[in-house]
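Student: Take this structure first; my questions come after.
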Amino acid sequence: MAKEELDEYSKMLWNRAELIRKVFVTFPFSTLIGVGDMNAKKKLLEFIFKNENLTFTKKTLRNGKSYEKAELILPNKKLIIILTLFFNHRSNCLQLEGLQHLCEDVLEPIIGC
């Protein structure tokens, strides 16, 4: 379906996807963290980059909370995307301990912080 044939809500989603793609390709960052609904973010990335080399690996932190690591190969760079739960205290979230594990075990080796 052509963009012009979409309803206003679908056009807004299409424009958002185009903007995200442009930002990912244009700006020089090599690591991105997506916080919140991991499944929604994964579906969005799969939609935006359906013709690119995009792989997801589900991983588990020391506290048992899971996250996904995506690797996206673009013509000009390799991008690592970490998809994680919200950081708050609820049981279905990463919680403070999980955030610490994410920083120490995942982010420090990638970005050297």
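How things are named: the first chain in the structure tokens is A, the next is B, and so on; residues count from 1 in each chain; ligands count from 1 in the order shown.
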Skipping near chain neighbours, those fewer than 5 positions away, what residues fall within 9 Å of stretch 95-111 of chain A using only C-alpha atoms, listed as a ChimeraX atom specification?
Tutor: /A:30-31,61-65,67,80,82,84-90
Student: Mind dumping the selected residues with C-alpha atoms as a PDB file, in the first residue's frame?
Tutor:
ATOM      1  CA  SER A  30      26.986   3.023  17.845  1.00  0.00           C
ATOM      2  CA  THR A  31      24.880   2.014  20.860  1.00  0.00           C
ATOM      3  CA  LEU A  61      20.841 -10.594  33.634  1.00  0.00           C
ATOM      4  CA  ARG A  62      22.204 -11.900  36.947  1.00  0.00           C
ATOM      5  CA  ASN A  63      18.922 -11.047  38.689  1.00  0.00           C
ATOM      6  CA  GLY A  64      16.967 -13.186  36.215  1.00  0.00           C
ATOM      7  CA  LYS A  65      15.434 -10.285  34.278  1.00  0.00           C
ATOM      8  CA  TYR A  67      16.679  -8.079  27.839  1.00  0.00           C
ATOM      9  CA  ILE A  80      24.063  -2.280  18.970  1.00  0.00           C
ATOM     10  CA  ILE A  82      19.745  -2.947  23.930  1.00  0.00           C
ATOM     11  CA  THR A  84      15.160  -3.580  28.247  1.00  0.00           C
ATOM     12  CA  LEU A  85      12.269  -3.400  30.665  1.00  0.00           C
ATOM     13  CA  PHE A  86      11.340  -0.212  32.504  1.00  0.00           C
ATOM     14  CA  PHE A  87      13.725   0.585  35.368  1.00  0.00           C
ATOM     15  CA  ASN A  88      11.217   0.996  38.207  1.00  0.00           C
ATOM     16  CA  HIS A  89      10.526  -1.128  41.312  1.00  0.00           C
ATOM     17  CA  ARG A  90       7.573  -3.242  40.080  1.00  0.00           C
TER      18      ARG A  90
END
Student: Grab the atom CA of A:Thr26 to atom CA of A:Phe56 distance for me, in Å with one decimal place.
Tutor: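 So the answer is 21.9 Å.
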Student: Could you give me, as a VMD selection string, the residues within 12 Å of A:Trp14, counting only C-alpha atoms and dropping anything in the same chain fewer than 6 positions from it?
Tutor: chain A and resid 1 to 8 20 to 21 44 47 to 48
Student: Let me see the file: selected residues, N, CA and C atoms, as a CSV table (one decimal), in the first residue's frame.
Tutor:
chain,number,residue,atom,x,y,z
A,1,MET,N,0.8,-1.2,0.0
A,1,MET,CA,0.0,0.0,0.0
A,1,MET,C,0.9,1.2,0.0
A,2,ALA,N,0.6,2.2,-0.8
A,2,ALA,CA,1.3,3.4,-0.9
A,2,ALA,C,1.0,4.3,0.3
A,3,LYS,N,2.0,5.1,0.7
A,3,LYS,CA,1.8,6.0,1.9
A,3,LYS,C,0.6,6.9,1.7
A,4,GLU,N,0.4,7.4,0.5
A,4,GLU,CA,-0.7,8.3,0.2
A,4,GLU,C,-2.1,7.7,0.5
A,5,GLU,N,-2.2,6.4,0.4
A,5,GLU,CA,-3.5,5.7,0.6
A,5,GLU,C,-3.8,5.4,2.1
A,6,LEU,N,-2.9,5.7,3.0
A,6,LEU,CA,-3.1,5.4,4.4
A,6,LEU,C,-4.0,6.4,5.1
A,7,ASP,N,-4.6,6.0,6.2
A,7,ASP,CA,-5.4,6.9,7.0
A,7,ASP,C,-4.4,7.8,7.8
A,8,GLU,N,-4.9,8.8,8.4
A,8,GLU,CA,-4.0,9.7,9.1
A,8,GLU,C,-3.1,9.1,10.2
A,20,ILE,N,12.8,7.7,12.5
A,20,ILE,CA,13.7,6.8,13.3
A,20,ILE,C,14.8,6.3,12.4
A,21,ARG,N,14.4,5.8,11.2
A,21,ARG,CA,15.4,5.2,10.3
A,21,ARG,C,16.5,6.3,9.9
A,44,LEU,N,8.8,-2.7,15.9
A,44,LEU,CA,9.1,-1.4,15.2
A,44,LEU,C,10.4,-1.5,14.5
A,47,PHE,N,10.1,-3.7,11.5
A,47,PHE,CA,9.4,-3.1,10.4
A,47,PHE,C,10.3,-2.1,9.7
A,48,ILE,N,11.0,-1.2,10.5
A,48,ILE,CA,11.8,-0.2,9.9
A,48,ILE,C,13.0,-0.8,9.1
Student: Taking the chain letters and numbering used in this document, name the residues of stretch 3-69 of chain A that DSSP puts in strand (DSSP E), as a ChimeraX atom specification.
Tutor: /A:31-35,53-60,66-69
Student: Compile the contact shell of A:Glu52 as a ChimeraX atom specification: residues with an atom at most 10 Å away, counting only C-alpha atoms, same-chain residues fewer than 4 positions apart removed.
Tutor: /A:46,48,72-75
Student: Once DSSP has gone over the backbone, tell me which residues of stretch 60-106 of chain A are in helix (DSSP H, G or I), as a list in words.
Tutor: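 Assigned to helix (DSSP H, G or I), within stretch 60-106 of chain A: Gln95, Leu96, Glu97, Gly98, Leu99, Gln100, His101, Leu102, Cys103, Glu104, Asp105 and Val106 of chain A.
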Student: Need the shell around A:Glu68: protein/DNA/RNA residues with any atom at most 9 Å away, counting only C-alpha atoms. Skip same-chain ones fewer than 3 positions apart. Format as a PyMOL selection string?
Tutor: chain A and resi 38+42+56-60+81-84
Student: Can you work out which one of A:Leu32, A:Leu79, A:Cys93, A:Ala40 has the shortest atom-to-atom distance to A:Asn53, counting only C-alpha atoms?
Tutor: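 For A:Asn53, the nearest of the candidates is A:Leu79.
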